[in-house]
file structure.cif (mmCIF, C-alpha atoms)
data_data
#
loop_
_atom_site.label_atom_id
_atom_site.label_comp_id
_atom_site.auth_asym_id
_atom_site.auth_seq_id
_atom_site.Cartn_x
_atom_site.Cartn_y
_atom_site.Cartn_z
CA MET J 2 94.35 185.26 89.50
CA SER J 3 92.77 187.59 92.03
CA TRP J 4 92.34 185.37 95.14
CA GLN J 5 95.50 185.33 97.27
CA ARG J 6 95.72 182.33 99.59
CA PRO J 7 96.22 183.37 103.23
CA ASP J 8 99.08 180.86 103.64
CA ASN J 9 100.59 181.60 100.18
CA ARG J 10 99.96 178.09 98.83
CA GLN J 11 99.54 177.44 95.13
CA PRO J 12 95.91 176.84 94.03
CA ASP J 13 96.63 173.09 93.62
CA GLN J 14 98.71 172.68 96.79
CA LEU J 15 97.63 170.67 99.84
CA ARG J 16 98.19 171.90 103.35
CA PRO J 17 101.00 170.04 105.18
CA ILE J 18 99.77 166.56 106.16
CA LEU J 19 101.07 164.49 109.08
CA PHE J 20 99.92 161.26 110.74
CA GLU J 21 101.06 160.58 114.34
CA ARG J 22 100.37 156.87 114.73
CA GLU J 23 99.84 154.97 118.02
CA PHE J 24 98.82 158.29 119.57
CA THR J 25 96.87 156.63 122.40
CA ARG J 26 97.60 153.40 124.23
CA TYR J 27 94.46 151.28 124.21
CA ALA J 28 92.77 151.58 120.81
CA PRO J 29 94.11 149.09 118.22
CA GLY J 30 94.29 151.96 115.74
CA SER J 31 95.04 155.49 116.92
CA VAL J 32 96.22 158.38 114.74
CA LEU J 33 96.42 162.13 115.28
CA ALA J 34 95.89 163.47 111.77
CA HIS J 35 97.14 166.97 110.99
CA CYS J 36 95.94 168.78 107.87
CA GLY J 37 97.40 172.24 108.17
CA GLU J 38 95.93 173.65 111.38
CA THR J 39 93.12 171.07 111.49
CA LYS J 40 93.87 168.24 113.92
CA VAL J 41 91.66 165.17 114.34
CA LEU J 42 92.21 162.25 116.70
CA CYS J 43 91.09 159.12 114.82
CA THR J 44 90.76 155.89 116.81
CA VAL J 45 89.48 152.46 115.74
CA THR J 46 88.11 149.95 118.23
CA VAL J 47 86.84 146.41 117.71
CA GLN J 48 83.76 144.68 119.13
CA GLU J 49 83.03 140.97 118.69
CA GLU J 50 79.42 141.62 117.75
CA VAL J 51 77.37 143.20 114.96
CA PRO J 52 74.12 145.19 114.78
CA ARG J 53 70.96 143.12 114.94
CA PHE J 54 70.27 143.40 111.20
CA LEU J 55 73.58 141.59 110.49
CA LYS J 56 73.30 138.78 113.07
CA ASP J 57 74.01 135.31 111.64
CA THR J 58 74.85 136.71 108.18
CA GLY J 59 78.61 136.16 108.52
CA SER J 60 79.13 139.83 107.68
CA GLY J 61 80.85 142.46 109.77
CA TRP J 62 80.18 146.18 110.08
CA LEU J 63 82.03 149.49 110.24
CA THR J 64 80.49 152.57 111.81
CA ALA J 65 81.77 156.02 112.76
CA GLU J 66 81.23 158.69 115.38
CA TYR J 67 82.35 162.31 114.97
CA ARG J 68 82.58 165.07 117.55
CA MET J 69 83.98 168.58 117.66
CA LEU J 70 85.62 169.08 121.07
CA PRO J 71 84.65 172.25 122.98
CA GLY J 72 88.02 173.99 122.53
CA ALA J 73 88.45 173.14 118.85
CA THR J 74 87.29 176.55 117.62
CA PRO J 75 87.90 180.15 118.76
CA GLU J 76 84.58 180.19 120.63
CA ARG J 77 83.78 177.22 122.86
CA GLN J 78 81.54 174.61 121.24
CA ARG J 79 78.88 173.11 123.50
CA ARG J 80 79.39 169.34 123.90
CA GLU J 81 76.93 167.21 121.95
CA LEU J 82 75.83 164.49 124.32
CA LEU J 83 72.35 163.01 123.92
CA LYS J 84 71.12 165.13 120.99
CA LEU J 85 73.41 165.37 117.96
CA SER J 86 73.17 168.26 115.53
CA GLY J 87 72.17 167.49 111.95
CA ARG J 88 75.69 168.48 110.86
CA THR J 89 77.34 165.98 113.23
CA GLN J 90 75.02 163.15 112.15
CA GLU J 91 75.64 163.90 108.47
CA ILE J 92 79.44 163.97 108.93
CA GLN J 93 79.67 160.74 110.90
CA ARG J 94 77.51 158.96 108.32
CA LEU J 95 79.82 160.24 105.59
CA ILE J 96 82.89 158.94 107.47
CA GLY J 97 81.22 155.55 107.98
CA ARG J 98 80.14 155.21 104.33
CA SER J 99 83.56 156.25 103.08
CA LEU J 100 85.54 153.82 105.22
CA ARG J 101 83.13 150.92 104.67
CA ALA J 102 84.13 151.23 101.02
CA ALA J 103 87.65 150.20 102.10
CA VAL J 104 86.56 146.93 103.76
CA ASP J 105 85.33 143.51 102.64
CA LEU J 106 82.74 143.14 105.40
CA LYS J 107 82.36 139.37 104.82
CA ALA J 108 86.12 138.90 105.36
CA LEU J 109 85.82 140.92 108.59
CA GLY J 110 83.46 138.31 110.05
CA GLU J 111 80.79 139.11 112.61
CA ARG J 112 82.58 141.94 114.37
CA THR J 113 82.22 145.73 114.33
CA LEU J 114 84.92 148.31 113.72
CA THR J 115 84.09 151.73 115.19
CA VAL J 116 85.97 154.76 113.89
CA ASP J 117 85.90 157.68 116.33
CA ALA J 118 86.89 161.05 114.90
CA ASP J 119 87.38 163.73 117.55
CA VAL J 120 88.30 167.19 116.26
CA ILE J 121 90.69 168.84 118.70
CA GLN J 122 91.46 171.82 116.46
CA ALA J 123 89.36 172.98 113.48
CA ASP J 124 90.51 175.04 110.51
CA ALA J 125 88.09 173.58 107.89
CA GLY J 126 88.32 170.15 106.29
CA THR J 127 87.48 168.29 109.51
CA ARG J 128 85.36 165.65 107.74
CA THR J 129 87.92 165.02 105.01
CA THR J 130 90.76 164.85 107.57
CA SER J 131 88.64 162.41 109.61
CA ILE J 132 88.32 160.10 106.59
CA THR J 133 91.97 160.34 105.51
CA GLY J 134 93.29 159.89 109.05
CA GLY J 135 90.63 157.33 109.90
CA TYR J 136 91.90 155.11 107.10
CA VAL J 137 95.43 155.09 108.58
CA ALA J 138 94.01 154.15 112.00
CA LEU J 139 91.92 151.45 110.30
CA VAL J 140 95.02 149.90 108.71
CA ASP J 141 96.80 149.78 112.09
CA ALA J 142 93.78 148.21 113.80
CA VAL J 143 93.36 145.55 111.09
CA ASP J 144 97.09 144.75 111.14
CA LYS J 145 96.81 144.01 114.86
CA LEU J 146 93.81 141.73 114.28
CA VAL J 147 95.81 139.77 111.70
CA LYS J 148 98.97 139.63 113.83
CA THR J 149 97.06 138.34 116.87
CA GLY J 150 95.28 135.69 114.80
CA VAL J 151 91.79 137.16 115.17
CA LEU J 152 91.66 137.48 111.38
CA GLU J 153 93.31 135.11 108.89
CA ARG J 154 93.81 137.89 106.37
CA SER J 155 93.24 141.61 106.04
CA PRO J 156 89.71 142.55 104.95
CA LEU J 157 90.97 145.84 103.50
CA ILE J 158 90.32 145.99 99.75
CA HIS J 159 90.86 149.68 98.97
CA GLN J 160 92.75 152.68 100.23
CA VAL J 161 90.49 155.71 100.84
CA ALA J 162 91.18 159.43 101.21
CA ALA J 163 89.20 162.66 101.00
CA VAL J 164 89.81 166.33 100.27
CA SER J 165 87.92 169.61 99.89
CA VAL J 166 87.96 171.81 96.79
CA GLY J 167 86.19 175.05 96.02
CA LEU J 168 85.73 178.01 93.72
CA LEU J 169 87.06 181.35 94.94
CA GLU J 170 86.38 184.29 92.62
CA GLY J 171 85.57 181.76 89.90
CA GLU J 172 88.86 179.85 90.17
CA PRO J 173 89.35 176.30 91.58
CA PHE J 174 91.37 175.79 94.78
CA LEU J 175 92.45 172.62 96.62
CA ASP J 176 92.16 171.88 100.35
CA LEU J 177 90.44 174.99 101.68
CA ASN J 178 91.27 176.41 105.08
CA TYR J 179 88.67 178.22 107.19
CA ILE J 180 89.07 181.67 105.63
CA GLU J 181 88.74 180.15 102.15
CA ASP J 182 85.89 177.84 103.17
CA VAL J 183 83.85 180.83 104.37
CA ALA J 184 84.61 182.86 101.23
CA ALA J 185 84.09 180.08 98.64
CA GLU J 186 81.23 180.45 96.17
CA VAL J 187 81.27 176.67 95.62
CA ASP J 188 82.42 174.11 98.18
CA PHE J 189 83.01 170.39 97.50
CA ASN J 190 84.10 167.40 99.59
CA VAL J 191 85.36 164.51 97.48
CA VAL J 192 86.11 160.94 98.64
CA MET J 193 87.99 158.52 96.37
CA ASN J 194 89.71 155.15 96.54
CA ASP J 195 93.15 154.10 95.29
CA GLU J 196 91.77 153.37 91.81
CA MET J 197 90.42 156.94 91.60
CA GLY J 198 86.91 155.53 91.94
CA ILE J 199 84.57 158.15 93.41
CA ILE J 200 82.95 157.09 96.69
CA GLU J 201 81.17 160.35 97.41
CA VAL J 202 80.96 163.92 96.15
CA GLN J 203 79.26 166.57 98.28
CA GLY J 204 79.04 169.81 96.33
CA THR J 205 77.07 172.99 96.88
CA ALA J 206 76.94 176.43 95.35
CA GLU J 207 76.83 178.82 98.30
CA SER J 208 75.75 181.60 95.93
CA GLY J 209 74.55 181.37 92.34
CA ALA J 210 75.48 178.26 90.37
CA TYR J 211 78.47 176.55 88.78
CA THR J 212 79.05 175.13 85.31
CA ARG J 213 79.79 171.60 84.15
CA HIS J 214 83.27 172.84 83.15
CA GLN J 215 83.89 174.13 86.69
CA LEU J 216 82.63 170.83 88.13
CA ASN J 217 85.15 168.96 85.98
CA GLN J 218 87.92 171.33 87.10
CA LEU J 219 87.08 170.71 90.76
CA ILE J 220 86.98 166.91 90.39
CA ASP J 221 90.32 166.96 88.51
CA LEU J 222 91.84 169.06 91.29
CA ALA J 223 90.42 166.78 93.98
CA GLU J 224 91.88 163.75 92.17
CA LYS J 225 95.34 165.34 92.17
CA GLY J 226 95.09 166.08 95.90
CA ILE J 227 93.79 162.62 96.77
CA LYS J 228 96.67 160.95 94.90
CA GLU J 229 99.07 162.92 97.13
CA LEU J 230 97.08 162.02 100.26
CA LEU J 231 97.13 158.32 99.34
CA GLU J 232 100.92 158.54 99.00
CA ALA J 233 101.16 160.28 102.41
CA GLN J 234 99.03 157.50 103.93
CA ARG J 235 101.30 154.82 102.47
#

call {"tool": "encode", "arguments": {"input": "structure.cif", "output": "structure tokens"}}
result
Amino acid sequence: MSWQRPDNRQPDQLRPILFEREFTRYAPGSVLAHCGETKVLCTVTVQEEVPRFLKDTGSGWLTAEYRMLPGATPERQRRELLKLSGRTQEIQRLIGRSLRAAVDLKALGERTLTVDADVIQADAGTRTTSITGGYVALVDAVDKLVKTGVLERSPLIHQVAAVSVGLLEGEPFLDLNYIEDVAAEVDFNVVMNDEMGIIEVQGTAESGAYTRHQLNQLIDLAEKGIKELLEAQR
């Protein structure tokens, strides 16, 4: 194998993962998720209302917002205030879709859960860390709703986690850091639930193309990583 990982991990090895729960005081769910050098503050808040298209349906909603804080990268990122970049919109929609797959929205009732993912330090994998950490914050928020009697039972129906995989010099690697993410010929983000059901696969060849065999290798590798992330969440 010719590609040498900058941090000397094995090709199928995750970066160290850590969840600091109850990281802030006021949000019902609040987790600082570490994935190697990537750090994302994931908070979940609750509103006793739903978007107009869900009014009087008895169904709840889950939505997400994602931001990269100005000091998260070596060069300062300009704050996105009124106008969001296409990248930011795409990532927050991915986070929302992924975590909605964890919730029975009818059991949630007519209330909205908002998952905020704020990247305070970026070393690639910010969207996958947002999903994996966001799920832990979601569990804490829902537990509080049940304990305080707002909900009779938990509306959570699946555990959800996400990871990146990629091809470097033709070989598959798990959980890319920034140096690897930039160098990868093929880059995938994979979201799965606790039954190994695929929620989303985002995969692109940065140069050339990839084969069906390589696609299968990447999905197998992602599945291995997600199983370990699900265990870390538990």

call {"tool": "closest_residue", "arguments": {"input": "structure.cif", "among": "J:Leu109, J:Val191, J:Ile200, J:Ile92", "to": "Val147 of chain J", "atoms": "all atoms listed in the file"}}
result
J:Leu109

call {"tool": "closest_residue", "arguments": {"input": "structure.cif", "among": "J:Arg98, J:Thr130, J:Leu175, J:Ala108", "to": "Glu153 of chain J", "atoms": "only C-alpha atoms"}}
result
J:Ala108

call {"tool": "closest_residue", "arguments": {"input": "structure.cif", "among": "J:Ser31, J:Thr212, J:Ser60, J:Thr89", "to": "Val45 of chain J", "atoms": "only C-alpha atoms"}}
result
J:Ser31

call {"tool": "closest_residue", "arguments": {"input": "structure.cif", "among": "J:Val32, J:Ala223, J:Leu70, J:Leu100", "to": "Thr44 of chain J", "atoms": "all atoms listed in the file"}}
result
J:Val32

call {"tool": "resolve_selection", "arguments": {"input": "structure.cif", "expression": "the PyMOL selection byres ((chain J and resi 173) around 10)", "output": "number ranges by chain"}}
result
J: 12-13, 166-172, 174-175, 185, 187-188, 215-216, 218-223

call {"tool": "write_last_selection", "arguments": {"input": "structure.cif", "atoms": "C-alpha atoms", "output": "PDB file, keeping the file's coordinate frame"}}
result
ATOM      1  CA  PRO J  12      95.910 176.840  94.030  1.00  0.00           C
ATOM      2  CA  ASP J  13      96.630 173.090  93.620  1.00  0.00           C
ATOM      3  CA  VAL J 166      87.960 171.810  96.790  1.00  0.00           C
ATOM      4  CA  GLY J 167      86.190 175.050  96.020  1.00  0.00           C
ATOM      5  CA  LEU J 168      85.730 178.010  93.720  1.00  0.00           C
ATOM      6  CA  LEU J 169      87.060 181.350  94.940  1.00  0.00           C
ATOM      7  CA  GLU J 170      86.380 184.290  92.620  1.00  0.00           C
ATOM      8  CA  GLY J 171      85.570 181.760  89.900  1.00  0.00           C
ATOM      9  CA  GLU J 172      88.860 179.850  90.170  1.00  0.00           C
ATOM     10  CA  PHE J 174      91.370 175.790  94.780  1.00  0.00           C
ATOM     11  CA  LEU J 175      92.450 172.620  96.620  1.00  0.00           C
ATOM     12  CA  ALA J 185      84.090 180.080  98.640  1.00  0.00           C
ATOM     13  CA  VAL J 187      81.270 176.670  95.620  1.00  0.00           C
ATOM     14  CA  ASP J 188      82.420 174.110  98.180  1.00  0.00           C
ATOM     15  CA  GLN J 215      83.890 174.130  86.690  1.00  0.00           C
ATOM     16  CA  LEU J 216      82.630 170.830  88.130  1.00  0.00           C
ATOM     17  CA  GLN J 218      87.920 171.330  87.100  1.00  0.00           C
ATOM     18  CA  LEU J 219      87.080 170.710  90.760  1.00  0.00           C
ATOM     19  CA  ILE J 220      86.980 166.910  90.390  1.00  0.00           C
ATOM     20  CA  ASP J 221      90.320 166.960  88.510  1.00  0.00           C
ATOM     21  CA  LEU J 222      91.840 169.060  91.290  1.00  0.00           C
ATOM     22  CA  ALA J 223      90.420 166.780  93.980  1.00  0.00           C
TER      23      ALA J 223
END

call {"tool": "resolve_selection", "arguments": {"input": "structure.cif", "expression": "the PyMOL selection byres ((chain J and resi 159) around 8)", "output": "PyMOL selection string"}}
result
chain J and resi 102-104+157-158+160-161+194-195

call {"tool": "closest_residue", "arguments": {"input": "structure.cif", "among": "J:Glu91, J:Glu186, J:Asp57, J:Glu21", "to": "Gln234 of chain J", "atoms": "only C-alpha atoms"}}
result
J:Glu21

call {"tool": "atom_distance", "arguments": {"input": "structure.cif", "atom1": "atom CA of Thr64 of chain J", "atom2": "atom CA of Ser131 of chain J"}}
result
13.0 Å

call {"tool": "build_atoms", "arguments": {"input": "structure.cif", "residues": "segment 2-16 of chain J", "atoms": "N, CA and C atoms", "output": "compact mmCIF listing (two decimals), in the coordinates of the input"}}
result
# COMPACT_ATOMS: atom_id res chain seq x y z
N MET J 2 95.19 185.84 88.45
CA MET J 2 94.35 185.26 89.50
C MET J 2 94.22 186.26 90.64
N SER J 3 92.98 186.52 91.06
CA SER J 3 92.77 187.59 92.03
C SER J 3 92.79 187.11 93.48
N TRP J 4 92.36 185.84 93.75
CA TRP J 4 92.34 185.37 95.14
C TRP J 4 93.75 185.02 95.59
N GLN J 5 94.19 185.62 96.69
CA GLN J 5 95.50 185.33 97.27
C GLN J 5 95.30 184.45 98.49
N ARG J 6 95.90 183.26 98.48
CA ARG J 6 95.72 182.33 99.59
C ARG J 6 96.37 182.89 100.85
N PRO J 7 95.68 182.80 101.99
CA PRO J 7 96.22 183.37 103.23
C PRO J 7 97.57 182.79 103.63
N ASP J 8 97.81 181.51 103.28
CA ASP J 8 99.08 180.86 103.64
C ASP J 8 100.04 180.77 102.45
N ASN J 9 99.71 181.51 101.36
CA ASN J 9 100.59 181.60 100.18
C ASN J 9 100.80 180.28 99.44
N ARG J 10 99.87 179.32 99.62
CA ARG J 10 99.96 178.09 98.83
C ARG J 10 99.57 178.34 97.38
N GLN J 11 100.02 177.44 96.51
CA GLN J 11 99.54 177.44 95.13
C GLN J 11 98.09 176.94 95.11
N PRO J 12 97.31 177.28 94.08
CA PRO J 12 95.91 176.84 94.03
C PRO J 12 95.74 175.32 94.14
N ASP J 13 96.74 174.55 93.62
CA ASP J 13 96.63 173.09 93.62
C ASP J 13 97.49 172.43 94.69
N GLN J 14 97.80 173.18 95.75
CA GLN J 14 98.71 172.68 96.79
C GLN J 14 97.95 172.32 98.06
N LEU J 15 98.20 171.10 98.57
CA LEU J 15 97.63 170.67 99.84
C LEU J 15 98.28 171.41 101.00
N ARG J 16 97.56 171.49 102.10
CA ARG J 16 98.19 171.90 103.35
C ARG J 16 99.14 170.79 103.81
